[in-house]
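K.L.:
This is the structure, below, for whatever I ask next.
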Amino acid sequence: MFKSLVFVCLALLAISAVGAEQAAASPSPPAATPAAAPAGAMTPVQRVNATPKGQLKNPYKDDDAAAVEAGRKAYFRAGCNGCHGGNGGGGMCPPLTNDTWVYGGDDDTLFRLVSLGSDELQSKGYTRKGHENVVGPMPPMGAIVATDDDLWHILAFVRSNYHGAPECKFGCPPPPAEPSNP
Ligand code: HEC
């Protein structure tokens with residue numbers, strides 16, 4: 001199991017190396033090429049590294065039943081339930097369903113937290129803003145969840161179980177409106 005994961009990772013690395021060479025040869029800005037790679041073509045960590053802070057956005061809505069069901073399966077496959085409970089309501093670890101967001105409740109922050117883990121997130125300048133019943137490190141799951149697409153499904157599933165104040169679903173206080181929609 002582990003060996004095959006390593007193999008997949010190596011294969012993905014090889015693919016991304018080819019992509020990087022092509023990007024270097026093309027006249028367009030190099031950062032644009034990896035970020036534009038279709039969902040599912042990268043590991044979560046590659047997606048984090050290819051995307052400027054604040055720009056990760058879930059393509060799946062939590063009222064999309066098929067996406068939520070795929071996310072539920074991937075959540076169990078990755079073992080998130082062992083710590084956060086089967087519906088994300090908490091267990092040994094903080095609930096994912098309330099309006100207390102440890103580092104922020106926006107898509108970008110959650111994707112980075114789950115991919116990198118809390119220690120690496122903190123090393124990038126993020127601090128705990130909210131405190132849950134359990135305060136401990138969140139392990140890096142970016143090597144366990146196979147692709148960025150799987151992680152977006154998982155986060156759609158997590159959002160579908162949200163029970164907190166509606167205005168705090170994506171962060172409390174709510175994040176500012178997107179600059180692209182003035
Ligand atoms: C070994 C236990 C463990 C596993 C496995 C785990 N987590 Fe966590 N998670 C934590 C802990 C502990 C925290 C709190 C981090 C902190 O306080 O810095 C956390 C925090 C979070 C948060 C932020 C919660 C908030 O209220 O802001 C999310 C979202 C999250 N985890 C999602 C996931 C997902 C998705 C998976 C599976 C891919 C997962 N976790 C697997 C322990 C775990």
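Order determines the names: the first chain of the structure tokens is A, the second B, and so forth; residues in each chain are numbered 1 upward, and ligands are numbered 1 upward as they are shown.
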Please identify all protein, DNA and RNA residues within 7 Å of ligand 1, counting only C-alpha atoms and all ligand atoms, and report them as a VMD selection string.
P.N.:
chain A and resid 75 78 to 80 82 to 84 93 to 96 98 100 to 105 110 113 to 114 118 128 131 to 132 134 to 139 141 145 154 to 155
K.L.:
Hey, what's within 8 Å of Asp108 in chain A if we count only C-alpha atoms and toss same-chain stuff fewer than 6 positions away? As a tab-separated table (two decimals) with N, CA and C atoms, in the first residue's frame, please?
P.N.:
```
chain	number	residue	atom	x	y	z
A	53	LYS	N	-1.37	32.45	-2.11
A	53	LYS	CA	-2.20	32.46	-0.91
A	53	LYS	C	-3.52	33.19	-1.17
A	54	GLY	N	-4.61	32.58	-0.71
A	54	GLY	CA	-5.91	33.22	-0.83
A	54	GLY	C	-6.69	32.81	-2.08
A	55	GLN	N	-6.05	32.07	-3.00
A	55	GLN	CA	-6.74	31.79	-4.28
A	55	GLN	C	-7.26	30.37	-4.44
A	56	LEU	N	-7.12	29.54	-3.42
A	56	LEU	CA	-7.67	28.18	-3.52
A	56	LEU	C	-9.17	28.25	-3.25
A	57	LYS	N	-9.95	27.72	-4.18
A	57	LYS	CA	-11.40	27.83	-4.06
A	57	LYS	C	-12.04	26.50	-4.41
```
K.L.:
To one decimal place, how far is CA of Met92 in chain A from CA of Thr43 in chain A in Å?
P.N.:
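Those two atoms sit 26.9 Å apart.
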K.L.:
Using CA of Ala146 in chain A and CA of Ala39 in chain A as the two end points, give the distance in Å to one decimal.
P.N.:
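CA of Ala39 in chain A lies 11.6 Å from CA of Ala146 in chain A.
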K.L.:
Suppose you want the space between CA of Asn133 in chain A and CA of Gly164 in chain A; what is it in Å?
P.N.:
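Atom-to-atom, CA of Asn133 in chain A to CA of Gly164 in chain A, that is 15.6 Å.
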K.L.:
For Arg159 in chain A, find every residue with an atom within 6 Å (counting only C-alpha atoms), except residues of its own chain fewer than 3 positions away, and show them as a list in words.
P.N.:
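With the cut-off at 6 Å, the set is Asp62, Ala156 and Tyr162 of chain A.
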K.L.:
Those same residues, written as an mmCIF file, in the first residue's frame with N, CA and C atoms?
P.N.:
```cif
data_model
loop_
_atom_site.group_PDB
_atom_site.id
_atom_site.type_symbol
_atom_site.label_atom_id
_atom_site.label_comp_id
_atom_site.auth_asym_id
_atom_site.auth_seq_id
_atom_site.Cartn_x
_atom_site.Cartn_y
_atom_site.Cartn_z
ATOM 1 N N ASP A 62 -21.503 22.341 -1.309
ATOM 2 C CA ASP A 62 -21.881 21.299 -0.355
ATOM 3 C C ASP A 62 -23.349 20.913 -0.482
ATOM 4 N N ALA A 156 -15.979 19.613 0.720
ATOM 5 C CA ALA A 156 -17.414 19.805 0.454
ATOM 6 C C ALA A 156 -18.228 18.974 1.445
ATOM 7 N N TYR A 162 -21.929 21.312 8.368
ATOM 8 C CA TYR A 162 -21.786 22.515 9.200
ATOM 9 C C TYR A 162 -23.071 22.822 9.965
#
```
K.L.:
Please provide the set of residues having any atom within 10 Å of Tyr60 in chain A, restricted to only C-alpha atoms, with same-chain residues fewer than 3 positions apart removed, written as an mmCIF file with N, CA and C atoms, in the first residue's frame.
P.N.:
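After the write, part01.cif holds the following:
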```cif
data_model
loop_
_atom_site.group_PDB
_atom_site.id
_atom_site.type_symbol
_atom_site.label_atom_id
_atom_site.label_comp_id
_atom_site.auth_asym_id
_atom_site.auth_seq_id
_atom_site.Cartn_x
_atom_site.Cartn_y
_atom_site.Cartn_z
ATOM 1 N N LYS A 57 -9.952 27.716 -4.181
ATOM 2 C CA LYS A 57 -11.402 27.830 -4.055
ATOM 3 C C LYS A 57 -12.037 26.500 -4.412
ATOM 4 N N ASP A 63 -24.080 21.474 -1.455
ATOM 5 C CA ASP A 63 -25.423 20.956 -1.722
ATOM 6 C C ASP A 63 -25.425 20.051 -2.967
ATOM 7 N N ASP A 64 -24.228 19.733 -3.447
ATOM 8 C CA ASP A 64 -24.074 18.816 -4.579
ATOM 9 C C ASP A 64 -23.929 17.403 -3.991
ATOM 10 N N ALA A 65 -25.048 16.650 -4.010
ATOM 11 C CA ALA A 65 -25.088 15.378 -3.279
ATOM 12 C C ALA A 65 -24.009 14.405 -3.754
ATOM 13 N N ALA A 66 -23.742 14.369 -5.057
ATOM 14 C CA ALA A 66 -22.750 13.416 -5.567
ATOM 15 C C ALA A 66 -21.350 13.800 -5.074
ATOM 16 N N ALA A 67 -21.046 15.104 -5.069
ATOM 17 C CA ALA A 67 -19.723 15.561 -4.611
ATOM 18 C C ALA A 67 -19.558 15.279 -3.115
ATOM 19 N N VAL A 68 -20.635 15.504 -2.359
ATOM 20 C CA VAL A 68 -20.571 15.280 -0.911
ATOM 21 C C VAL A 68 -20.370 13.790 -0.621
ATOM 22 N N GLY A 71 -16.928 12.860 -1.314
ATOM 23 C CA GLY A 71 -16.101 13.422 -0.242
ATOM 24 C C GLY A 71 -16.178 12.596 1.029
ATOM 25 N N ASP A 149 -8.334 17.147 -6.161
ATOM 26 C CA ASP A 149 -9.757 16.945 -6.396
ATOM 27 C C ASP A 149 -10.393 16.158 -5.243
ATOM 28 N N TRP A 152 -10.842 18.520 -2.322
ATOM 29 C CA TRP A 152 -12.000 19.421 -2.478
ATOM 30 C C TRP A 152 -13.300 18.684 -2.177
ATOM 31 N N HIS A 153 -13.400 17.417 -2.627
ATOM 32 C CA HIS A 153 -14.598 16.635 -2.289
ATOM 33 C C HIS A 153 -14.729 16.504 -0.774
ATOM 34 N N ILE A 154 -13.600 16.190 -0.109
ATOM 35 C CA ILE A 154 -13.621 16.027 1.352
ATOM 36 C C ILE A 154 -14.102 17.325 2.010
ATOM 37 N N LEU A 155 -13.599 18.450 1.534
ATOM 38 C CA LEU A 155 -13.985 19.715 2.169
ATOM 39 C C LEU A 155 -15.448 20.061 1.883
ATOM 40 N N ALA A 156 -15.979 19.613 0.720
ATOM 41 C CA ALA A 156 -17.414 19.805 0.454
ATOM 42 C C ALA A 156 -18.228 18.974 1.445
ATOM 43 N N PHE A 157 -17.771 17.754 1.715
ATOM 44 C CA PHE A 157 -18.438 16.893 2.706
ATOM 45 C C PHE A 157 -18.397 17.555 4.089
#
```
K.L.:
With distances taken over only C-alpha atoms, which of A:Val158, A:Ala143, A:Cys172, A:Ala70 is nearest to Pro44 in chain A?
P.N.:
A:Ala143
